[in-house]
file protein-v3.cif (mmCIF, C-alpha atoms)
data_model
#
loop_
_atom_site.group_PDB
_atom_site.id
_atom_site.type_symbol
_atom_site.label_atom_id
_atom_site.label_comp_id
_atom_site.auth_asym_id
_atom_site.auth_seq_id
_atom_site.Cartn_x
_atom_site.Cartn_y
_atom_site.Cartn_z
ATOM 1 C CA MET A 24 106.213 130.806 87.680
ATOM 2 C CA ARG A 25 104.858 131.134 91.172
ATOM 3 C CA GLY A 26 101.136 131.293 91.610
ATOM 4 C CA GLU A 27 100.260 129.703 88.280
ATOM 5 C CA PRO A 28 98.193 126.527 88.514
ATOM 6 C CA VAL A 29 100.037 123.343 87.665
ATOM 7 C CA THR A 30 98.373 121.311 84.954
ATOM 8 C CA PRO A 31 97.912 117.778 86.280
ATOM 9 C CA ASN A 32 99.333 114.870 84.306
ATOM 10 C CA ARG A 33 96.751 113.063 82.220
ATOM 11 C CA VAL A 34 97.276 109.364 82.870
ATOM 12 C CA VAL A 35 95.908 106.144 81.412
ATOM 13 C CA VAL A 36 96.255 103.409 84.030
ATOM 14 C CA ASP A 37 96.261 99.796 82.909
ATOM 15 C CA THR A 38 93.939 97.385 84.699
ATOM 16 C CA ASN A 39 96.665 95.585 86.623
ATOM 17 C CA VAL A 40 97.859 98.892 88.100
ATOM 18 C CA ILE A 41 94.301 99.966 89.076
ATOM 19 C CA ILE A 42 93.799 96.612 90.811
ATOM 20 C CA SER A 43 97.132 96.924 92.631
ATOM 21 C CA ALA A 44 96.436 100.543 93.586
ATOM 22 C CA LEU A 45 93.034 99.833 95.093
ATOM 23 C CA LEU A 46 93.383 96.347 96.541
ATOM 24 C CA PHE A 47 96.982 96.054 97.707
ATOM 25 C CA SER A 48 99.627 98.039 99.515
ATOM 26 C CA GLY A 49 102.796 98.850 97.632
ATOM 27 C CA PRO A 50 103.956 101.456 95.137
ATOM 28 C CA ALA A 51 100.767 101.400 93.055
ATOM 29 C CA SER A 52 98.650 102.298 96.098
ATOM 30 C CA ARG A 53 100.342 105.712 96.103
ATOM 31 C CA LEU A 54 98.442 106.532 92.911
ATOM 32 C CA VAL A 55 95.124 106.684 94.767
ATOM 33 C CA ASP A 56 96.176 109.804 96.705
ATOM 34 C CA LYS A 57 97.504 111.337 93.503
ATOM 35 C CA TRP A 58 94.200 110.986 91.660
ATOM 36 C CA LYS A 59 92.115 111.939 94.698
ATOM 37 C CA SER A 60 94.187 115.107 95.197
ATOM 38 C CA ARG A 61 93.775 115.776 91.468
ATOM 39 C CA SER A 62 97.529 115.894 90.930
ATOM 40 C CA ILE A 63 96.847 113.382 88.146
ATOM 41 C CA VAL A 64 93.756 112.996 85.996
ATOM 42 C CA LEU A 65 92.740 109.445 85.179
ATOM 43 C CA LEU A 66 91.699 108.895 81.580
ATOM 44 C CA ALA A 67 89.557 105.922 80.600
ATOM 45 C CA THR A 68 87.119 104.813 77.966
ATOM 46 C CA LYS A 69 83.877 102.979 78.641
ATOM 47 C CA GLU A 70 85.635 99.784 77.514
ATOM 48 C CA ILE A 71 88.469 100.288 80.021
ATOM 49 C CA ILE A 72 86.020 100.919 82.870
ATOM 50 C CA GLN A 73 84.144 97.745 81.917
ATOM 51 C CA GLU A 74 87.437 95.835 82.065
ATOM 52 C CA TYR A 75 88.157 97.243 85.537
ATOM 53 C CA LEU A 76 84.753 95.958 86.664
ATOM 54 C CA ARG A 77 85.249 92.552 85.070
ATOM 55 C CA ILE A 78 88.609 92.073 86.797
ATOM 56 C CA PHE A 79 87.310 93.261 90.196
ATOM 57 C CA ALA A 80 84.738 90.458 89.942
ATOM 58 C CA TYR A 81 87.386 87.725 89.661
ATOM 59 C CA PRO A 82 86.851 85.162 92.441
ATOM 60 C CA LYS A 83 90.474 85.484 93.602
ATOM 61 C CA PHE A 84 89.743 89.014 94.865
ATOM 62 C CA ALA A 85 86.669 87.833 96.831
ATOM 63 C CA LEU A 86 84.930 91.212 96.484
ATOM 64 C CA THR A 87 81.187 91.475 97.022
ATOM 65 C CA GLU A 88 79.027 93.308 94.526
ATOM 66 C CA THR A 89 78.696 96.131 97.083
ATOM 67 C CA GLU A 90 82.479 96.380 97.452
ATOM 68 C CA ILE A 91 82.939 96.445 93.679
ATOM 69 C CA ASN A 92 80.301 99.178 93.316
ATOM 70 C CA THR A 93 81.953 101.187 96.102
ATOM 71 C CA LEU A 94 85.356 100.896 94.438
ATOM 72 C CA LEU A 95 83.900 101.985 91.124
ATOM 73 C CA ASN A 96 81.584 104.756 92.339
ATOM 74 C CA GLN A 97 83.713 106.243 95.122
ATOM 75 C CA GLU A 98 87.317 105.433 94.257
ATOM 76 C CA ILE A 99 87.434 105.551 90.439
ATOM 77 C CA LEU A 100 84.563 107.242 88.591
ATOM 78 C CA PRO A 101 84.694 110.615 90.408
ATOM 79 C CA TYR A 102 88.309 110.985 89.267
ATOM 80 C CA ILE A 103 88.055 109.800 85.663
ATOM 81 C CA GLU A 104 87.802 111.898 82.567
ATOM 82 C CA THR A 105 85.973 109.724 80.076
ATOM 83 C CA VAL A 106 87.522 109.567 76.618
ATOM 84 C CA LYS A 107 85.448 108.706 73.567
ATOM 85 C CA ILE A 108 87.311 106.960 70.777
ATOM 86 C CA LYS A 109 85.817 108.255 67.533
ATOM 87 C CA SER A 110 87.873 106.425 64.945
ATOM 88 C CA LEU A 111 89.309 102.973 64.492
ATOM 89 C CA PHE A 112 92.665 102.688 66.216
ATOM 90 C CA PRO A 113 95.288 100.686 64.319
ATOM 91 C CA ARG A 114 96.516 97.488 65.896
ATOM 92 C CA THR A 115 99.666 98.489 67.720
ATOM 93 C CA CYS A 116 100.307 96.147 70.633
ATOM 94 C CA ARG A 117 101.318 92.474 70.580
ATOM 95 C CA ASP A 118 98.148 91.825 72.559
ATOM 96 C CA PRO A 119 95.279 93.497 70.688
ATOM 97 C CA ALA A 120 93.294 93.649 73.956
ATOM 98 C CA ASP A 121 95.796 96.267 75.153
ATOM 99 C CA ASP A 122 95.212 98.600 72.208
ATOM 100 C CA LYS A 123 92.283 100.186 74.079
ATOM 101 C CA PHE A 124 94.766 101.751 76.525
ATOM 102 C CA LEU A 125 96.850 103.130 73.670
ATOM 103 C CA ALA A 126 93.794 104.487 71.863
ATOM 104 C CA CYS A 127 92.668 106.170 75.080
ATOM 105 C CA ALA A 128 96.127 107.706 75.566
ATOM 106 C CA VAL A 129 96.306 109.094 72.037
ATOM 107 C CA THR A 130 92.713 110.352 71.890
ATOM 108 C CA GLY A 131 92.771 111.730 75.433
ATOM 109 C CA LYS A 132 96.149 113.417 74.953
ATOM 110 C CA ALA A 133 97.630 111.514 77.878
ATOM 111 C CA THR A 134 100.881 112.582 79.455
ATOM 112 C CA PHE A 135 101.648 108.990 80.518
ATOM 113 C CA VAL A 136 100.421 105.413 80.295
ATOM 114 C CA VAL A 137 101.145 103.453 83.487
ATOM 115 C CA SER A 138 101.236 99.687 83.173
ATOM 116 C CA GLY A 139 102.667 96.486 84.535
ATOM 117 C CA ASP A 140 101.964 94.682 81.267
ATOM 118 C CA GLN A 141 105.093 93.781 79.300
ATOM 119 C CA ASP A 142 103.156 93.951 76.023
ATOM 120 C CA LEU A 143 102.616 97.657 76.676
ATOM 121 C CA LEU A 144 105.912 98.403 78.422
ATOM 122 C CA THR A 145 107.989 97.045 75.525
ATOM 123 C CA LEU A 146 106.465 99.718 73.269
ATOM 124 C CA ARG A 147 108.039 102.387 75.533
ATOM 125 C CA GLN A 148 105.770 105.102 74.112
ATOM 126 C CA ILE A 149 102.775 105.815 71.910
ATOM 127 C CA LYS A 150 103.102 108.983 69.861
ATOM 128 C CA LYS A 151 104.981 111.194 72.348
ATOM 129 C CA CYS A 152 103.377 109.623 75.427
ATOM 130 C CA PRO A 153 105.742 107.477 77.539
ATOM 131 C CA ILE A 154 104.538 104.058 78.708
ATOM 132 C CA LEU A 155 106.004 103.508 82.161
ATOM 133 C CA SER A 156 105.971 100.988 84.976
ATOM 134 C CA ILE A 157 104.494 102.211 88.262
ATOM 135 C CA ASP A 158 107.968 102.709 89.757
ATOM 136 C CA ALA A 159 109.222 104.661 86.733
ATOM 137 C CA PHE A 160 106.068 106.787 86.738
ATOM 138 C CA LEU A 161 106.347 107.621 90.440
ATOM 139 C CA GLN A 162 110.020 108.457 89.955
ATOM 140 C CA ARG A 163 109.152 110.734 87.042
ATOM 141 C CA ILE A 164 106.402 112.697 88.799
ATOM 142 C CA SER A 165 107.836 112.840 92.317
ATOM 143 C CA PRO A 166 111.498 111.768 92.275
ATOM 144 C CA LEU A 167 112.188 112.816 95.855
ATOM 145 C CA LEU A 168 109.373 110.688 97.271
ATOM 146 C CA VAL A 169 110.253 107.341 95.721
ATOM 147 C CA SER A 170 111.968 105.002 98.155
ATOM 148 C CA LYS A 171 115.133 103.332 96.971
#
call {"tool": "encode", "arguments": {"input": "protein-v3.cif", "output": "structure tokens"}}
result
Amino acid sequence: MRGEPVTPNRVVVDTNVIISALLFSGPASRLVDKWKSRSIVLLATKEIIQEYLRIFAYPKFALTETEINTLLNQEILPYIETVKIKSLFPRTCRDPADDKFLACAVTGKATFVVSGDQDLLTLRQIKKCPILSIDAFLQRISPLLVSK
């Protein structure tokens, strides 16, 4: 119906997609505008945020501490809804380190998980939440804007 607010998609974004979105041009970088315009809501746990920080500090990205803090405090944290995992999540993924994204999705009632990680993508969904690549996600939420 016209005039009714649209509920933004609740999205868990894997670390590799966050890195690509914030540090590189390409399809993932289009996510930044989506979360800043609040057309998607980022969901993350404290553990996921800590992983984002750890990866930003990798020498290959050559980011200073100031740049990392700016990315975290200006580009990510203002747009995240923090999810608290209250119960033990069963091992689900081939790589147990990826289960934190699945637990966040289930607990936070995510609409989508966006990942470039094959261990997550091969699951295809968790509960009723699709696990999509960045291209598939962009196609799903804005099919007319995705370049062929």
call {"tool": "residues_near_point", "arguments": {"input": "protein-v3.cif", "point": "(88.5, 107.2, 74.1)", "cutoff": "12 Å", "atoms": "all atoms listed in the file", "output": "number ranges by chain"}}
result
A: 35, 66-72, 103-112, 122-133
call {"tool": "residues_around", "arguments": {"input": "protein-v3.cif", "residues": "Ile157 in chain A", "least_positions_apart": "3", "cutoff": "10 Å", "atoms": "all atoms listed in the file", "output": "PDB file with C-alpha atoms, keeping the file's coordinate frame"}}
result
ATOM      1  CA  VAL A  36      96.255 103.409  84.030  1.00  0.00           C
ATOM      2  CA  VAL A  40      97.859  98.892  88.100  1.00  0.00           C
ATOM      3  CA  ALA A  44      96.436 100.543  93.586  1.00  0.00           C
ATOM      4  CA  PRO A  50     103.956 101.456  95.137  1.00  0.00           C
ATOM      5  CA  ALA A  51     100.767 101.400  93.055  1.00  0.00           C
ATOM      6  CA  SER A  52      98.650 102.298  96.098  1.00  0.00           C
ATOM      7  CA  ARG A  53     100.342 105.712  96.103  1.00  0.00           C
ATOM      8  CA  LEU A  54      98.442 106.532  92.911  1.00  0.00           C
ATOM      9  CA  VAL A 136     100.421 105.413  80.295  1.00  0.00           C
ATOM     10  CA  VAL A 137     101.145 103.453  83.487  1.00  0.00           C
ATOM     11  CA  SER A 138     101.236  99.687  83.173  1.00  0.00           C
ATOM     12  CA  GLY A 139     102.667  96.486  84.535  1.00  0.00           C
ATOM     13  CA  ILE A 154     104.538 104.058  78.708  1.00  0.00           C
ATOM     14  CA  PHE A 160     106.068 106.787  86.738  1.00  0.00           C
ATOM     15  CA  LEU A 161     106.347 107.621  90.440  1.00  0.00           C
ATOM     16  CA  GLN A 162     110.020 108.457  89.955  1.00  0.00           C
ATOM     17  CA  ARG A 163     109.152 110.734  87.042  1.00  0.00           C
TER      18      ARG A 163
END
call {"tool": "residues_near_point", "arguments": {"input": "protein-v3.cif", "point": "(103.7, 96.4, 76.7)", "cutoff": "12 Å", "atoms": "only C-alpha atoms", "output": "list in words"}}
result
Asp37, Thr115, Cys116, Arg117, Asp118, Pro119, Ala120, Asp121, Asp122, Phe124, Leu125, Val136, Val137, Ser138, Gly139, Asp140, Gln141, Asp142, Leu143, Leu144, Thr145, Leu146, Arg147, Gln148, Ile149, Pro153, Ile154, Leu155 and Ser156 of chain A
call {"tool": "residues_around", "arguments": {"input": "protein-v3.cif", "residues": "Ser62 in chain A", "least_positions_apart": "4", "cutoff": "6 Å", "atoms": "all atoms listed in the file", "output": "MDAnalysis selection string"}}
result
chainID A and resid 31 57:58
call {"tool": "write_last_selection", "arguments": {"input": "protein-v3.cif", "atoms": "C-alpha atoms", "output": "CSV table (one decimal), in the frame of the given file"}}
result
chain,number,residue,atom,x,y,z
A,31,PRO,CA,97.9,117.8,86.3
A,57,LYS,CA,97.5,111.3,93.5
A,58,TRP,CA,94.2,111.0,91.7
call {"tool": "resolve_selection", "arguments": {"input": "protein-v3.cif", "expression": "the PyMOL selection byres ((chain A and resi 33) around 6)", "output": "list of chain:residue names"}}
result
A:Asn32, A:Val34, A:Ile63, A:Val64, A:Ala133, A:Thr134
call {"tool": "atom_distance", "arguments": {"input": "protein-v3.cif", "atom1": "CA of Phe84 in chain A", "atom2": "CA of Ile41 in chain A"}}
result
13.2 Å
call {"tool": "atom_distance", "arguments": {"input": "protein-v3.cif", "atom1": "CA of Leu86 in chain A", "atom2": "CA of Thr38 in chain A"}}
result
16.1 Å
call {"tool": "closest_residue", "arguments": {"input": "protein-v3.cif", "among": "A:Ser165, A:Ile91, A:Pro101, A:Arg114", "to": "Ile78 in chain A", "atoms": "only C-alpha atoms"}}
result
A:Ile91
call {"tool": "closest_residue", "arguments": {"input": "protein-v3.cif", "among": "A:Val55, A:Leu76, A:Ile164, A:Leu65", "to": "Glu90 in chain A", "atoms": "all atoms listed in the file"}}
result
A:Leu76
call {"tool": "resolve_selection", "arguments": {"input": "protein-v3.cif", "expression": "the PyMOL selection byres ((chain A and resi 95) around 12)", "output": "list in words"}}
result
Ile41, Ile42, Leu45, Ile72, Gln73, Glu74, Tyr75, Leu76, Arg77, Ile78, Phe79, Ala80, Glu88, Thr89, Glu90, Ile91, Asn92, Thr93, Leu94, Asn96, Gln97, Glu98, Ile99, Leu100, Pro101, Tyr102 and Ile103 of chain A
call {"tool": "atom_distance", "arguments": {"input": "protein-v3.cif", "atom1": "CA of Ala85 in chain A", "atom2": "CA of Asp56 in chain A"}}
result
23.9 Å
